[in-house]
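Novice: The file below is final_12.txt, compact mmCIF, C-alpha atoms (C1' of nucleotides):
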# COMPACT_ATOMS: atom_id res chain seq x y z
CA MET E 259 14.41 12.16 -31.95
CA ALA E 260 15.70 14.24 -29.12
CA ILE E 261 14.68 17.84 -28.55
CA ASN E 262 16.37 19.63 -25.70
CA ASP E 263 17.86 16.33 -24.62
CA VAL E 264 14.41 14.97 -23.94
CA GLU E 265 12.80 12.02 -25.64
CA ILE E 266 9.37 12.83 -27.00
CA CYS E 267 7.01 11.25 -29.44
CA GLU E 268 7.65 12.03 -33.05
CA ASP E 269 4.36 12.94 -34.62
CA ASN E 270 1.19 12.50 -32.64
CA CYS E 271 2.18 13.93 -29.33
CA ILE E 272 1.76 17.37 -27.91
CA HIS E 273 4.71 19.62 -28.36
CA ILE E 274 7.43 19.97 -25.78
CA ASP E 275 6.47 23.55 -24.81
CA ARG E 276 2.97 22.44 -23.99
CA LEU E 277 4.40 19.72 -21.78
CA GLU E 278 6.35 22.41 -20.00
CA LYS E 279 3.13 24.29 -19.26
CA VAL E 280 1.55 21.15 -17.84
CA ARG E 281 4.59 20.57 -15.69
CA GLU E 282 4.54 24.13 -14.39
CA LYS E 283 0.94 23.89 -13.30
CA LEU E 284 1.54 20.74 -11.27
CA PRO E 285 1.42 21.27 -7.50
CA ASP E 286 4.82 20.83 -5.91
CA VAL E 287 6.02 17.32 -5.17
CA ASP E 288 5.53 17.58 -1.40
CA GLU E 289 1.86 18.37 -1.74
CA LEU E 290 1.23 15.47 -4.09
CA TYR E 291 3.19 13.21 -1.78
CA ASP E 292 1.11 14.27 1.24
CA LEU E 293 -2.05 13.66 -0.73
CA ALA E 294 -0.94 10.15 -1.64
CA GLU E 295 -0.01 9.51 2.00
CA LEU E 296 -3.48 10.54 3.10
CA PHE E 297 -5.23 8.26 0.64
CA LYS E 298 -2.87 5.45 1.58
CA VAL E 299 -4.43 5.62 5.05
CA PHE E 300 -7.88 5.06 3.52
CA GLY E 301 -6.48 2.28 1.39
CA ASP E 302 -6.75 -0.50 3.93
CA SER E 303 -9.95 -2.37 4.70
CA THR E 304 -9.18 -2.63 8.40
CA ARG E 305 -8.83 1.13 8.71
CA ILE E 306 -11.91 1.72 6.56
CA ARG E 307 -13.84 -0.58 8.87
CA ILE E 308 -12.60 1.29 11.92
CA LEU E 309 -13.75 4.57 10.38
CA TYR E 310 -17.15 3.11 9.51
CA VAL E 311 -17.60 1.91 13.07
CA LEU E 312 -16.70 5.35 14.38
CA PHE E 313 -19.33 6.84 12.07
CA GLN E 314 -21.82 5.36 14.50
CA SER E 315 -20.24 6.13 17.85
CA GLU E 316 -16.99 6.64 19.63
CA LEU E 317 -15.55 3.45 21.08
CA CYS E 318 -12.65 2.32 23.19
CA VAL E 319 -9.88 0.20 21.72
CA CYS E 320 -11.11 -2.91 23.43
CA ASP E 321 -14.58 -2.67 21.93
CA LEU E 322 -13.25 -1.76 18.51
CA ALA E 323 -11.20 -4.94 18.62
CA GLU E 324 -14.26 -6.91 19.63
CA VAL E 325 -16.52 -5.47 16.93
CA LEU E 326 -13.92 -6.01 14.23
CA GLY E 327 -12.84 -9.42 15.43
CA MET E 328 -9.22 -8.37 15.68
CA THR E 329 -6.57 -8.34 18.37
CA GLN E 330 -6.18 -5.28 20.56
CA SER E 331 -2.65 -4.84 19.29
CA ALA E 332 -3.59 -4.82 15.62
CA VAL E 333 -6.34 -2.27 16.23
CA SER E 334 -4.04 -0.10 18.29
CA HIS E 335 -1.42 -0.07 15.56
CA GLN E 336 -4.01 1.02 12.99
CA LEU E 337 -5.46 3.65 15.30
CA LYS E 338 -2.02 5.16 15.58
CA ILE E 339 -1.86 5.54 11.80
CA LEU E 340 -5.35 7.05 11.71
CA LYS E 341 -4.42 9.45 14.47
CA GLN E 342 -1.24 10.54 12.73
CA ALA E 343 -3.31 11.33 9.65
CA LYS E 344 -5.64 13.35 11.89
CA LEU E 345 -8.61 11.24 10.89
CA VAL E 346 -9.44 10.17 14.44
CA THR E 347 -8.85 11.57 17.91
CA GLY E 348 -8.23 9.72 21.16
CA ARG E 349 -9.63 10.75 24.51
CA ARG E 350 -8.50 8.98 27.64
CA GLU E 351 -11.12 8.20 30.25
CA GLY E 352 -9.65 6.25 33.09
CA LYS E 353 -8.06 3.09 31.81
CA SER E 354 -9.82 3.31 28.47
CA VAL E 355 -9.08 5.49 25.46
CA PHE E 356 -12.09 6.43 23.39
CA TYR E 357 -11.58 7.10 19.72
CA ALA E 358 -13.81 9.24 17.53
CA LEU E 359 -13.75 10.73 14.04
CA ALA E 360 -11.62 13.88 13.91
CA ASP E 361 -13.90 15.79 11.54
CA ASP E 362 -16.40 15.52 8.71
CA HIS E 363 -13.81 15.32 5.96
CA VAL E 364 -13.51 11.65 6.72
CA ARG E 365 -17.14 11.10 5.95
CA SER E 366 -17.15 13.16 2.76
CA ILE E 367 -14.03 11.53 1.39
CA ILE E 368 -15.46 8.08 1.95
CA ASP E 369 -18.83 9.14 0.55
CA GLN E 370 -17.17 10.36 -2.64
CA GLY E 371 -15.37 7.05 -2.96
CA LYS E 372 -18.59 5.16 -2.42
CA GLU E 373 -20.33 7.22 -5.09
CA HIS E 374 -17.65 6.29 -7.58
CA ILE E 375 -18.01 2.60 -6.82
CA ASP E 376 -21.81 2.57 -6.86
CA GLU E 377 -22.19 4.21 -10.26
CA MET L 292 -14.82 -11.71 32.05
CA ALA L 293 -16.55 -13.42 29.19
CA ILE L 294 -20.09 -12.65 28.14
CA ASN L 295 -21.52 -14.82 25.40
CA ASP L 296 -18.06 -16.22 24.82
CA VAL L 297 -16.77 -12.83 23.80
CA GLU L 298 -14.08 -10.85 25.57
CA ILE L 299 -15.18 -7.33 26.37
CA CYS L 300 -14.07 -4.60 28.66
CA GLU L 301 -15.26 -4.95 32.20
CA ASP L 302 -16.49 -1.58 33.31
CA ASN L 303 -16.04 1.39 31.05
CA CYS L 304 -17.03 -0.06 27.74
CA ILE L 305 -20.30 -0.06 25.91
CA HIS L 306 -22.38 -3.16 26.41
CA ILE L 307 -22.24 -6.15 24.13
CA ASP L 308 -25.72 -5.61 22.65
CA ARG L 309 -24.77 -2.12 21.56
CA LEU L 310 -21.72 -3.59 19.87
CA GLU L 311 -24.07 -5.92 18.04
CA LYS L 312 -26.05 -2.95 16.74
CA VAL L 313 -22.88 -1.30 15.49
CA ARG L 314 -21.86 -4.50 13.77
CA GLU L 315 -25.25 -4.87 12.11
CA LYS L 316 -25.12 -1.40 10.64
CA LEU L 317 -21.72 -1.99 9.04
CA PRO L 318 -21.81 -2.33 5.25
CA ASP L 319 -20.95 -5.83 4.12
CA VAL L 320 -17.31 -6.82 3.91
CA ASP L 321 -17.15 -6.75 0.11
CA GLU L 322 -18.24 -3.13 -0.07
CA LEU L 323 -15.68 -2.01 2.48
CA TYR L 324 -13.04 -4.01 0.67
CA ASP L 325 -13.89 -2.36 -2.67
CA LEU L 326 -13.72 1.03 -1.01
CA ALA L 327 -10.27 0.31 0.39
CA GLU L 328 -9.17 -0.93 -3.03
CA LEU L 329 -10.31 2.32 -4.61
CA PHE L 330 -8.45 4.50 -2.14
CA LYS L 331 -5.39 2.28 -2.50
CA VAL L 332 -5.27 3.45 -6.11
CA PHE L 333 -5.12 7.06 -4.95
CA GLY L 334 -2.50 6.13 -2.38
CA ASP L 335 0.53 6.34 -4.64
CA SER L 336 2.24 9.58 -5.58
CA THR L 337 2.96 8.44 -9.12
CA ARG L 338 -0.70 7.77 -9.77
CA ILE L 339 -1.73 11.01 -8.06
CA ARG L 340 0.69 12.85 -10.33
CA ILE L 341 -0.75 11.14 -13.39
CA LEU L 342 -4.25 12.19 -12.36
CA TYR L 343 -3.13 15.77 -11.75
CA VAL L 344 -1.57 15.92 -15.19
CA LEU L 345 -4.77 14.59 -16.73
CA PHE L 346 -6.70 17.35 -14.92
CA GLN L 347 -5.12 19.66 -17.46
CA SER L 348 -5.38 17.69 -20.65
CA GLU L 349 -5.46 14.22 -22.07
CA LEU L 350 -2.05 12.88 -23.01
CA CYS L 351 -0.49 9.86 -24.62
CA VAL L 352 1.63 7.45 -22.61
CA CYS L 353 4.83 8.74 -24.13
CA ASP L 354 4.18 12.33 -23.08
CA LEU L 355 2.99 11.29 -19.65
CA ALA L 356 6.28 9.51 -19.18
CA GLU L 357 8.14 12.59 -20.32
CA VAL L 358 6.26 15.01 -18.06
CA LEU L 359 6.66 12.77 -15.04
CA GLY L 360 10.26 11.85 -15.76
CA MET L 361 9.49 8.15 -15.70
CA THR L 362 9.94 5.22 -18.03
CA GLN L 363 7.18 4.36 -20.47
CA SER L 364 6.83 0.97 -18.84
CA ALA L 365 6.33 2.29 -15.33
CA VAL L 366 3.69 4.74 -16.53
CA SER L 367 1.93 2.06 -18.54
CA HIS L 368 1.76 -0.22 -15.52
CA GLN L 369 0.22 2.52 -13.42
CA LEU L 370 -2.23 3.50 -16.16
CA LYS L 371 -3.46 -0.07 -16.17
CA ILE L 372 -4.25 0.17 -12.46
CA LEU L 373 -5.99 3.51 -12.94
CA LYS L 374 -8.00 2.10 -15.83
CA GLN L 375 -9.06 -0.96 -13.84
CA ALA L 376 -10.33 1.37 -11.12
CA LYS L 377 -12.24 3.27 -13.82
CA LEU L 378 -10.45 6.49 -12.95
CA VAL L 379 -9.06 7.02 -16.45
CA THR L 380 -10.00 5.94 -19.96
CA GLY L 381 -7.76 5.14 -22.89
CA ARG L 382 -8.49 6.08 -26.49
CA ARG L 383 -6.28 4.77 -29.23
CA GLU L 384 -5.39 7.14 -32.06
CA GLY L 385 -3.01 5.54 -34.46
CA LYS L 386 0.05 4.32 -32.67
CA SER L 387 -0.64 6.42 -29.60
CA VAL L 388 -3.11 5.85 -26.80
CA PHE L 389 -4.48 8.98 -25.20
CA TYR L 390 -5.53 8.82 -21.58
CA ALA L 391 -8.08 11.08 -19.90
CA LEU L 392 -9.95 11.28 -16.62
CA ALA L 393 -12.94 8.95 -16.58
CA ASP L 394 -15.26 11.29 -14.69
CA ASP L 395 -15.48 14.10 -12.17
CA HIS L 396 -15.42 11.84 -9.13
CA VAL L 397 -11.67 11.77 -9.46
CA ARG L 398 -11.47 15.50 -9.06
CA SER L 399 -13.86 15.68 -6.12
CA ILE L 400 -12.19 12.84 -4.24
CA ILE L 401 -8.82 14.50 -4.59
CA ASP L 402 -10.26 17.90 -3.71
CA GLN L 403 -11.71 16.50 -0.49
CA GLY L 404 -8.34 15.01 0.37
CA LYS L 405 -6.62 18.30 -0.32
CA GLU L 406 -9.09 20.13 1.91
CA HIS L 407 -8.28 17.82 4.76
CA ILE L 408 -4.56 18.40 4.37
CA ASP L 409 -4.81 22.16 4.00
CA GLU L 410 -6.84 22.76 7.13
C1' DT P 118 3.25 -0.77 46.75
C1' DT P 119 1.24 -4.69 44.50
C1' DT P 120 -2.27 -6.40 41.32
C1' DA P 121 -5.31 -6.14 37.51
C1' DT P 122 -6.88 -3.96 33.43
C1' DA P 123 -6.46 -1.11 29.08
C1' DT P 124 -3.59 0.61 25.73
C1' DA P 125 0.81 1.40 23.20
C1' DT P 126 4.83 -0.14 20.91
C1' DG P 127 9.22 -2.46 19.08
C1' DA P 128 10.76 -6.43 16.48
C1' DA P 129 9.94 -10.11 13.32
C1' DT P 130 7.56 -12.18 9.56
C1' DA P 131 4.70 -12.83 5.60
C1' DA P 132 2.30 -10.67 2.01
C1' DC P 133 1.96 -6.96 -1.10
C1' DT P 134 3.48 -3.36 -4.41
C1' DG P 135 6.16 -0.20 -7.70
C1' DT P 136 9.88 -0.12 -10.74
C1' DT P 137 13.03 -2.14 -14.01
C1' DC P 138 14.22 -5.07 -17.77
C1' DA P 139 13.18 -7.75 -21.58
C1' DT P 140 9.88 -8.74 -24.75
C1' DA P 141 5.31 -9.03 -26.91
C1' DT P 142 1.45 -6.72 -29.22
C1' DG P 143 -0.52 -3.26 -32.16
C1' DT P 144 -0.22 0.37 -35.66
C1' DT P 145 1.64 2.96 -39.61
C1' DC P 146 4.31 3.52 -43.55
C1' DA P 147 7.46 2.19 -47.17
C1' DT F 50 6.04 -8.08 -46.03
C1' DG F 51 9.41 -5.71 -43.15
C1' DA F 52 10.94 -1.78 -40.41
C1' DA F 53 10.00 1.71 -37.02
C1' DC F 54 7.38 3.46 -33.38
C1' DA F 55 4.01 3.39 -29.32
C1' DT F 56 2.13 0.78 -25.89
C1' DA F 57 1.33 -3.37 -22.97
C1' DT F 58 2.87 -7.01 -20.07
C1' DG F 59 5.28 -10.92 -17.49
C1' DA F 60 9.02 -11.88 -14.27
C1' DA F 61 12.22 -10.45 -10.87
C1' DC F 62 13.79 -7.50 -7.24
C1' DA F 63 13.64 -4.11 -3.66
C1' DG F 64 11.02 -1.57 -0.59
C1' DT F 65 6.80 -1.22 2.08
C1' DT F 66 3.19 -2.72 5.24
C1' DA F 67 -0.29 -5.30 8.30
C1' DT F 68 -0.37 -8.60 11.66
C1' DT F 69 1.47 -11.24 15.53
C1' DC F 70 3.99 -11.78 19.72
C1' DA F 71 6.13 -10.14 23.63
C1' DT F 72 6.50 -6.49 26.52
C1' DA F 73 6.22 -1.71 28.19
C1' DT F 74 3.39 2.14 29.84
C1' DA F 75 -0.69 4.09 32.13
C1' DT F 76 -4.49 4.06 35.24
C1' DA F 77 -7.35 2.34 39.10
C1' DA F 78 -8.25 -0.23 43.08
C1' DA F 79 -6.94 -3.05 46.97
So, in terms of structure tokens, how does the structure I just supplied come out?
Specialist:
Amino acid sequence: MAINDVEICEDNCIHIDRLEKVREKLPDVDELYDLAELFKVFGDSTRIRILYVLFQSELCVCDLAEVLGMTQSAVSHQLKILKQAKLVTGRREGKSVFYALADDHVRSIIDQGKEHIDE
Amino acid sequence: MAINDVEICEDNCIHIDRLEKVREKLPDVDELYDLAELFKVFGDSTRIRILYVLFQSELCVCDLAEVLGMTQSAVSHQLKILKQAKLVTGRREGKSVFYALADDHVRSIIDQGKEHIDE
DNA sequence: TTTATATATGAATAACTGTTCATATGTTCA
DNA sequence: TGAACATATGAACAGTTATTCATATATAAA
């Protein structure tokens, strides 16, 4: 029941050397971790809403809070996360800081997600 | 400092009626929530690893557990989440259940994410 | 400098989530 | 039917996270 000190299925399952091939072709752990971290940023409805708003126009924190019906602090915390993930950029103009989408990847990632849901 | 009973920025910010337009164009809350729920599924490195393994070939739960170095139970729990999100499908064959990617959206969503990271 | 406004941030809390453990369900074979 | 194997699942626990509250930082104007 143990081959090379590894538990595997007895009959039906693919052989251990094929599993090795699969394992070899996997991207390294760091890359997969970064990928999960990125999607984690999209995985919150508040942040998704912020991104959708920014699809339309850049806005300052104050107005984002108003549109979303949230406190300034909550929005600011989420903007920090979005900025760290390089999904949005901040541009100070006087007292205000205007946030905008960082690039078009944001849109295409969300569009792909939407396609999956709508099918 | 209050226009229409709503706090907004005094000088720099976009006017309240423009905020209304932005709000109107937002997809309804349910859709944004579903979208966040979908990305939440991608936002875990274990599930990302499972999907990457399934890019190569369909596998039974037992072998998935072996490749990933995880317990059968942990993998099974995650497969349930992936199945609920319609990202994978399960096909029973005797005692084993073989899991495979549900469709190509999975691949394209992950590819988009990878593009963003690699830039 | 003082005051007012806009934003950022640390700490605390409540809610959520992934893994483990034990066990149940489903399938095959004797 | 009973035994063995593969998978599924409920409960509990630990770790994570989004919001709130209080407060700090940054800018502009008086």
Novice: Compute the set of chain L residues within 10 Å of chain F, using all atoms listed in the file, and express it as a PyMOL selection string.
Specialist: chain L and resi 351-353+363-364+367-368+371+383+385-388
Novice: Give as a compact mmCIF listing (two decimals) with C-alpha atoms, in the coordinates of the input every residue of chain L that touches chain E within 8 Å, counting only C-alpha atoms.
Specialist:
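Once everything was written out, this is out-v6.txt:
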# COMPACT_ATOMS: atom_id res chain seq x y z
CA VAL L 297 -16.77 -12.83 23.80
CA GLU L 298 -14.08 -10.85 25.57
CA ILE L 299 -15.18 -7.33 26.37
CA CYS L 300 -14.07 -4.60 28.66
CA ASN L 303 -16.04 1.39 31.05
CA CYS L 304 -17.03 -0.06 27.74
CA ILE L 305 -20.30 -0.06 25.91
CA LEU L 310 -21.72 -3.59 19.87
CA GLU L 311 -24.07 -5.92 18.04
CA VAL L 313 -22.88 -1.30 15.49
CA ARG L 314 -21.86 -4.50 13.77
CA LEU L 317 -21.72 -1.99 9.04
CA LEU L 323 -15.68 -2.01 2.48
CA TYR L 324 -13.04 -4.01 0.67
CA ASP L 325 -13.89 -2.36 -2.67
CA LEU L 326 -13.72 1.03 -1.01
CA ALA L 327 -10.27 0.31 0.39
CA GLU L 328 -9.17 -0.93 -3.03
CA LEU L 329 -10.31 2.32 -4.61
CA PHE L 330 -8.45 4.50 -2.14
CA LYS L 331 -5.39 2.28 -2.50
CA VAL L 332 -5.27 3.45 -6.11
CA PHE L 333 -5.12 7.06 -4.95
CA GLY L 334 -2.50 6.13 -2.38
CA ASP L 335 0.53 6.34 -4.64
CA SER L 336 2.24 9.58 -5.58
CA ILE L 339 -1.73 11.01 -8.06
CA ARG L 340 0.69 12.85 -10.33
CA TYR L 343 -3.13 15.77 -11.75
CA VAL L 344 -1.57 15.92 -15.19
CA GLN L 347 -5.12 19.66 -17.46
CA LEU L 350 -2.05 12.88 -23.01
CA CYS L 351 -0.49 9.86 -24.62
CA CYS L 353 4.83 8.74 -24.13
CA ASP L 354 4.18 12.33 -23.08
CA GLU L 357 8.14 12.59 -20.32
CA VAL L 358 6.26 15.01 -18.06
CA SER L 387 -0.64 6.42 -29.60
CA HIS L 396 -15.42 11.84 -9.13
CA SER L 399 -13.86 15.68 -6.12
CA ILE L 400 -12.19 12.84 -4.24
CA ILE L 401 -8.82 14.50 -4.59
CA GLN L 403 -11.71 16.50 -0.49
CA GLY L 404 -8.34 15.01 0.37
CA LYS L 405 -6.62 18.30 -0.32
CA GLU L 406 -9.09 20.13 1.91
CA HIS L 407 -8.28 17.82 4.76
CA ILE L 408 -4.56 18.40 4.37
Novice: Which value, in Å to one decimal, gives the distance between CA of Thr347 in chain E and CA of Ala360 in chain E?
Specialist: 5.4 Å
Novice: Near chain L, meaning an atom within 10 Å, which residues of chain P appear when counting all atoms listed in the file? Write them as a PyMOL selection string.
Specialist: chain P and resi 122-123+135-138+143-145
Novice: Keeping only C-alpha atoms (C1' of nucleotides), write the selected residues as a PDB file, in the coordinates of the input.
Specialist:
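That gives us result_24.pdb:
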ATOM      1  C1'  DT P 122      -6.880  -3.960  33.430  1.00  0.00           C
ATOM      2  C1'  DA P 123      -6.460  -1.110  29.080  1.00  0.00           C
ATOM      3  C1'  DG P 135       6.160  -0.200  -7.700  1.00  0.00           C
ATOM      4  C1'  DT P 136       9.880  -0.120 -10.740  1.00  0.00           C
ATOM      5  C1'  DT P 137      13.030  -2.140 -14.010  1.00  0.00           C
ATOM      6  C1'  DC P 138      14.220  -5.070 -17.770  1.00  0.00           C
ATOM      7  C1'  DG P 143      -0.520  -3.260 -32.160  1.00  0.00           C
ATOM      8  C1'  DT P 144      -0.220   0.370 -35.660  1.00  0.00           C
ATOM      9  C1'  DT P 145       1.640   2.960 -39.610  1.00  0.00           C
TER      10       DT P 145
END
Novice: Calculate how many Å separate CA of Gly348 in chain E from C1' of DG127 in chain P, rounding to one decimal.
Specialist: 21.4 Å
Novice: One decimal, in Å: what's the spacing between CA of Tyr390 in chain L and CA of Asp286 in chain E?
Specialist: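 Going from CA of Tyr390 in chain L over to CA of Asp286 in chain E covers 22.3 Å.
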Novice: Each side padded by 3 Å, which centre and which edge lengths in Å (one decimal) define the axis-aligned box around the listed atoms of range 311-318 of chain E? Give them as AutoDock Vina command-line options.
Specialist:
--center_x -17.2 --center_y 4.4 --center_z 17.6 --size_x 15.2 --size_y 10.9 --size_z 17.1
